[in-house]
Amino acid sequence: MPRTILKIENLKTYFNTWAGVVQAVDGVSLEVKKGETLGLVGESGSGKTVTSLSVLRIVPRPGKIIDGRIMFKDEDLLRKTEKEMQKIRGAQIALIFQDPSTSLNPIFSIESQLIEVIQQHQKLNKEEAKEKAEILLDIVGIPDAKLRIKDFPHQFSGGMKQRVAIARALSCEPSLLFADEPTTNLDVTIQAQILDLMRDLKSKFDMSMVLITHNMGIVAEMADRVTVMYAGRVCETSSVNDIFLHATHPYTVALMRAIPQIGTEKQKLQVIPGNIPNLINPPSGCRFHPRCKYAKSICKMKVPELEKVEKGHLTACLRWDEIKKTLLKERERAA
Ligand SMILES: Nc1ncnc2c1ncn2[C@@H]1O[C@H](COP(=O)(O)OP(=O)(O)OP(=O)(O)O)[C@@H](O)[C@H]1O
Ligand code: SF4
Ligand SMILES: [Mg+2]
């Protein structure tokens, strides 16, 4: 059995704004196993980024973690002091963003930025840190690393900048990497190169990864398991295979039907009707009920808990058992 490296239990992170309390993450539970890539998916505003920022305890104000446990290697990160967290950030858990400029300072050379982060966490002198920085740039595929290390971020293209950001994130060999839509801003060919690089580095550095993405194609290619979020809660978790073939939560099913299907002309692209709910005053009971075609009156009253559908497959739907049978018939008819 693979060991669990990260276990989030009932995490609640709220933003206390002038308009009211935004329940951005409201009872999220998920797990990352050692060595795996977990795909974290869901519509915009579903709480994916806030969940990852919560793990690193860098939620911006007015956000606040108000409840839950975040067990990383069997220790609760929510009980750590800020000083202890500083040692964990970057060194054990790293984060790369959609926009590499977020991780890179425009006014310092790549060399000084890499040396700084390496020396923050490792007892290396400047020469040794520089050598390590050059090796890292080489590993992430920057040609002429020895020369290019003197450059500033603006002298790199978007794809190259993301490679540098990856080098920075990996400089202390973290055991867990959060990659928040790392390729969204890049051309398709560059996207593929960066994803290949991340896959290679993950095995080279023996890391676990949480890959946040809107792109189910990337999930299919990169992830071992998937957690689907909706309006600040988890609606389904399973292996990649099960998410594509046996999703049981109506939101996941709708999400899958919203993916263009190559080669299946008869299956039309379906858009999930309705809007993402307002998280200041979210729908009662199951937050998906205003958009769910299977909703019954109970769904407005009761909050669904994650239940086991099968080993490794959890779903938070009050009617999953009936829906599973209906879907099975639909799939048999469509086959
Ligand atoms: N600083 C903030 N103040 C108030 N609300 C915030 C703040 N940051 C995030 N939120 C709210 O938290 C919720 C979750 O946001 P989050 O950024 O985690 O979504 P996401 O799933 O990452 O979306 P996307 O796919 O667009 O990146 C949203 O409703 C958002 O409006
Ligand atoms: S609990 Fe009800 S509203 Fe929510 S997904 Fe299941 S059937 Fe739909
Ligand atoms: Mg986000």
# chains A, B, ... in the order shown; residues from 1 in each chain; ligands from 1

call {"tool": "residues_near_ligand", "arguments": {"ligand": "ligand 1", "cutoff": "10 Å", "atoms": "only C-alpha atoms and all ligand atoms", "output": "PyMOL selection string"}}
result
chain A and resi 13-25+40-54+59-63+98+180-181+212-214+229-232+276-280

call {"tool": "residues_near_ligand", "arguments": {"ligand": "ligand 2", "cutoff": "12 Å", "atoms": "only C-alpha atoms and all ligand atoms", "output": "PyMOL selection string"}}
result
chain A and resi 230-231+233-236+247-254+283-307+315-324+326

call {"tool": "atom_distance", "arguments": {"atom1": "CA of Lys150 in chain A", "atom2": "CA of Gln119 in chain A"}}
result
17.6 Å

call {"tool": "select_by_dssp", "arguments": {"residues": "range 71-289 of chain A", "states": "strand (DSSP E or B)", "output": "VMD selection string"}}
result
chain A and resid 71 to 72 75 to 76 89 93 to 96 176 to 180 208 to 212 225 to 230 233 to 239

call {"tool": "residues_around", "arguments": {"residues": "Ser29 in chain A", "least_positions_apart": "6", "cutoff": "6 Å", "atoms": "only C-alpha atoms", "output": "VMD selection string"}}
result
chain A and resid 8 to 10

call {"tool": "residues_around", "arguments": {"residues": "Asp206 in chain A", "least_positions_apart": "6", "cutoff": "10 Å", "atoms": "only C-alpha atoms", "output": "list in words"}}
result
Lys34, Gly35, Glu36, Glu173, Pro174, Ser175, Leu176 and Asp200 of chain A

call {"tool": "closest_residue", "arguments": {"among": "A:Ser239, A:Ser112, A:Thr184, A:Ser101", "to": "ligand 3", "atoms": "only C-alpha atoms and all ligand atoms"}}
result
A:Thr184

call {"tool": "select_by_dssp", "arguments": {"residues": "range 293-335 of chain A", "states": "helix (DSSP H, G or I)", "output": "list of chain:residue names"}}
result
A:Ile298, A:Cys299, A:Lys300, A:Met301, A:Trp320, A:Asp321, A:Glu322, A:Ile323, A:Lys324, A:Lys325, A:Thr326, A:Leu327, A:Leu328, A:Lys329, A:Glu330, A:Arg331, A:Glu332, A:Arg333, A:Ala334

call {"tool": "write_last_selection", "arguments": {"atoms": "N, CA and C atoms", "output": "mmCIF file, in the first residue's frame"}}
result
data_model
loop_
_atom_site.group_PDB
_atom_site.id
_atom_site.type_symbol
_atom_site.label_atom_id
_atom_site.label_comp_id
_atom_site.auth_asym_id
_atom_site.auth_seq_id
_atom_site.Cartn_x
_atom_site.Cartn_y
_atom_site.Cartn_z
ATOM 1 N N ILE A 298 -34.630 16.390 -0.716
ATOM 2 C CA ILE A 298 -33.632 16.078 0.325
ATOM 3 C C ILE A 298 -32.306 16.800 0.055
ATOM 4 N N CYS A 299 -31.996 16.980 -1.232
ATOM 5 C CA CYS A 299 -30.712 17.574 -1.621
ATOM 6 C C CYS A 299 -30.585 19.023 -1.151
ATOM 7 N N LYS A 300 -31.725 19.679 -0.918
ATOM 8 C CA LYS A 300 -31.681 21.071 -0.451
ATOM 9 C C LYS A 300 -31.452 21.128 1.061
ATOM 10 N N MET A 301 -31.665 19.987 1.717
ATOM 11 C CA MET A 301 -31.630 20.002 3.185
ATOM 12 C C MET A 301 -30.366 19.372 3.767
ATOM 13 N N TRP A 320 -26.178 8.726 -4.995
ATOM 14 C CA TRP A 320 -25.204 8.138 -5.918
ATOM 15 C C TRP A 320 -25.570 6.711 -6.345
ATOM 16 N N ASP A 321 -26.175 5.954 -5.415
ATOM 17 C CA ASP A 321 -26.465 4.553 -5.702
ATOM 18 C C ASP A 321 -27.461 4.429 -6.868
ATOM 19 N N GLU A 322 -28.546 5.204 -6.768
ATOM 20 C CA GLU A 322 -29.561 5.182 -7.848
ATOM 21 C C GLU A 322 -28.976 5.741 -9.140
ATOM 22 N N ILE A 323 -28.218 6.856 -8.990
ATOM 23 C CA ILE A 323 -27.664 7.522 -10.176
ATOM 24 C C ILE A 323 -26.686 6.591 -10.892
ATOM 25 N N LYS A 324 -25.927 5.840 -10.099
ATOM 26 C CA LYS A 324 -24.958 4.912 -10.691
ATOM 27 C C LYS A 324 -25.672 3.908 -11.610
ATOM 28 N N LYS A 325 -26.823 3.396 -11.128
ATOM 29 C CA LYS A 325 -27.567 2.420 -11.947
ATOM 30 C C LYS A 325 -28.101 3.079 -13.218
ATOM 31 N N THR A 326 -28.646 4.304 -13.060
ATOM 32 C CA THR A 326 -29.172 5.022 -14.231
ATOM 33 C C THR A 326 -28.069 5.253 -15.255
ATOM 34 N N LEU A 327 -26.906 5.683 -14.752
ATOM 35 C CA LEU A 327 -25.793 5.985 -15.668
ATOM 36 C C LEU A 327 -25.324 4.731 -16.393
ATOM 37 N N LEU A 328 -25.326 3.619 -15.658
ATOM 38 C CA LEU A 328 -24.891 2.360 -16.240
ATOM 39 C C LEU A 328 -25.783 2.003 -17.431
ATOM 40 N N LYS A 329 -27.120 2.178 -17.225
ATOM 41 C CA LYS A 329 -28.064 1.882 -18.321
ATOM 42 C C LYS A 329 -27.811 2.819 -19.496
ATOM 43 N N GLU A 330 -27.611 4.117 -19.172
ATOM 44 C CA GLU A 330 -27.350 5.102 -20.250
ATOM 45 C C GLU A 330 -26.100 4.719 -21.038
ATOM 46 N N ARG A 331 -25.041 4.319 -20.298
ATOM 47 C CA ARG A 331 -23.780 3.983 -20.973
ATOM 48 C C ARG A 331 -23.949 2.728 -21.840
ATOM 49 N N GLU A 332 -24.741 1.746 -21.317
ATOM 50 C CA GLU A 332 -24.965 0.516 -22.107
ATOM 51 C C GLU A 332 -25.722 0.848 -23.397
ATOM 52 N N ARG A 333 -26.723 1.752 -23.268
ATOM 53 C CA ARG A 333 -27.499 2.137 -24.442
ATOM 54 C C ARG A 333 -26.630 2.868 -25.474
ATOM 55 N N ALA A 334 -25.717 3.716 -24.965
ATOM 56 C CA ALA A 334 -24.874 4.511 -25.876
ATOM 57 C C ALA A 334 -23.798 3.667 -26.557
#

call {"tool": "decode", "arguments": {"residues": "range 154-244 of chain A", "atoms": "C-alpha atoms", "output": "mmCIF file, in the first residue's frame"}}
result
data_model
loop_
_atom_site.group_PDB
_atom_site.id
_atom_site.type_symbol
_atom_site.label_atom_id
_atom_site.label_comp_id
_atom_site.auth_asym_id
_atom_site.auth_seq_id
_atom_site.Cartn_x
_atom_site.Cartn_y
_atom_site.Cartn_z
ATOM 1 C CA HIS A 154 12.385 39.254 -18.857
ATOM 2 C CA GLN A 155 15.124 37.826 -21.085
ATOM 3 C CA PHE A 156 13.356 34.456 -21.114
ATOM 4 C CA SER A 157 10.278 33.370 -23.117
ATOM 5 C CA GLY A 158 7.141 32.228 -21.245
ATOM 6 C CA GLY A 159 8.023 28.531 -21.537
ATOM 7 C CA MET A 160 11.647 29.139 -20.501
ATOM 8 C CA LYS A 161 10.484 31.263 -17.558
ATOM 9 C CA GLN A 162 8.256 28.400 -16.413
ATOM 10 C CA ARG A 163 11.297 26.082 -16.641
ATOM 11 C CA VAL A 164 13.239 28.495 -14.422
ATOM 12 C CA ALA A 165 10.300 28.652 -11.981
ATOM 13 C CA ILE A 166 10.301 24.844 -11.901
ATOM 14 C CA ALA A 167 14.076 24.855 -11.234
ATOM 15 C CA ARG A 168 13.483 27.279 -8.352
ATOM 16 C CA ALA A 169 10.684 25.120 -6.942
ATOM 17 C CA LEU A 170 12.852 22.000 -7.161
ATOM 18 C CA SER A 171 16.024 23.599 -5.816
ATOM 19 C CA CYS A 172 15.592 22.055 -2.381
ATOM 20 C CA GLU A 173 14.204 18.771 -3.651
ATOM 21 C CA PRO A 174 10.721 19.014 -2.115
ATOM 22 C CA SER A 175 8.786 15.811 -1.542
ATOM 23 C CA LEU A 176 5.485 17.432 -2.548
ATOM 24 C CA LEU A 177 4.885 19.854 -5.400
ATOM 25 C CA PHE A 178 1.700 21.840 -6.022
ATOM 26 C CA ALA A 179 1.520 22.873 -9.664
ATOM 27 C CA ASP A 180 -1.329 25.357 -10.105
ATOM 28 C CA GLU A 181 -2.227 25.362 -13.810
ATOM 29 C CA PRO A 182 1.462 25.420 -14.746
ATOM 30 C CA THR A 183 0.896 25.360 -18.493
ATOM 31 C CA THR A 184 -2.317 27.347 -18.971
ATOM 32 C CA ASN A 185 -0.572 30.433 -20.390
ATOM 33 C CA LEU A 186 1.678 28.518 -22.788
ATOM 34 C CA ASP A 187 1.376 27.455 -26.432
ATOM 35 C CA VAL A 188 0.247 23.883 -26.942
ATOM 36 C CA THR A 189 3.685 22.593 -28.017
ATOM 37 C CA ILE A 190 5.434 24.325 -25.112
ATOM 38 C CA GLN A 191 2.706 22.983 -22.805
ATOM 39 C CA ALA A 192 3.535 19.448 -23.868
ATOM 40 C CA GLN A 193 7.272 20.035 -23.285
ATOM 41 C CA ILE A 194 6.690 21.437 -19.796
ATOM 42 C CA LEU A 195 4.389 18.550 -18.893
ATOM 43 C CA ASP A 196 6.999 16.045 -20.138
ATOM 44 C CA LEU A 197 9.612 17.844 -18.066
ATOM 45 C CA MET A 198 7.423 17.745 -14.955
ATOM 46 C CA ARG A 199 6.777 14.045 -15.421
ATOM 47 C CA ASP A 200 10.511 13.353 -15.752
ATOM 48 C CA LEU A 201 11.445 15.480 -12.767
ATOM 49 C CA LYS A 202 8.756 13.946 -10.612
ATOM 50 C CA SER A 203 10.356 10.532 -10.962
ATOM 51 C CA LYS A 204 13.922 11.882 -10.843
ATOM 52 C CA PHE A 205 13.279 13.689 -7.562
ATOM 53 C CA ASP A 206 10.870 11.026 -6.234
ATOM 54 C CA MET A 207 8.157 13.621 -5.644
ATOM 55 C CA SER A 208 4.432 13.535 -5.169
ATOM 56 C CA MET A 209 2.443 16.129 -7.066
ATOM 57 C CA VAL A 210 -0.896 17.910 -6.926
ATOM 58 C CA LEU A 211 -1.639 19.122 -10.433
ATOM 59 C CA ILE A 212 -4.358 21.762 -10.576
ATOM 60 C CA THR A 213 -5.892 22.062 -14.012
ATOM 61 C CA HIS A 214 -9.068 22.713 -15.994
ATOM 62 C CA ASN A 215 -7.830 20.477 -18.754
ATOM 63 C CA MET A 216 -9.083 16.884 -18.513
ATOM 64 C CA GLY A 217 -6.677 15.897 -21.306
ATOM 65 C CA ILE A 218 -3.793 16.854 -19.013
ATOM 66 C CA VAL A 219 -5.423 14.892 -16.191
ATOM 67 C CA ALA A 220 -5.685 11.815 -18.397
ATOM 68 C CA GLU A 221 -2.052 12.111 -19.369
ATOM 69 C CA MET A 222 -0.459 13.075 -16.085
ATOM 70 C CA ALA A 223 -2.549 12.054 -13.072
ATOM 71 C CA ASP A 224 -2.919 8.780 -11.209
ATOM 72 C CA ARG A 225 -5.981 9.879 -9.257
ATOM 73 C CA VAL A 226 -8.377 12.802 -9.446
ATOM 74 C CA THR A 227 -10.224 14.914 -6.913
ATOM 75 C CA VAL A 228 -13.091 16.985 -8.286
ATOM 76 C CA MET A 229 -14.126 20.127 -6.431
ATOM 77 C CA TYR A 230 -17.332 22.103 -6.661
ATOM 78 C CA ALA A 231 -18.083 25.347 -4.800
ATOM 79 C CA GLY A 232 -15.530 24.804 -2.039
ATOM 80 C CA ARG A 233 -16.209 21.127 -1.463
ATOM 81 C CA VAL A 234 -14.985 17.810 -2.844
ATOM 82 C CA CYS A 235 -17.606 15.997 -4.881
ATOM 83 C CA GLU A 236 -15.680 12.971 -6.108
ATOM 84 C CA THR A 237 -12.285 11.273 -5.817
ATOM 85 C CA SER A 238 -11.150 8.247 -7.759
ATOM 86 C CA SER A 239 -8.522 6.787 -10.047
ATOM 87 C CA VAL A 240 -8.212 8.542 -13.411
ATOM 88 C CA ASN A 241 -9.713 5.540 -15.138
ATOM 89 C CA ASP A 242 -12.812 5.537 -12.923
ATOM 90 C CA ILE A 243 -13.347 9.279 -13.316
ATOM 91 C CA PHE A 244 -13.478 8.901 -17.086
#
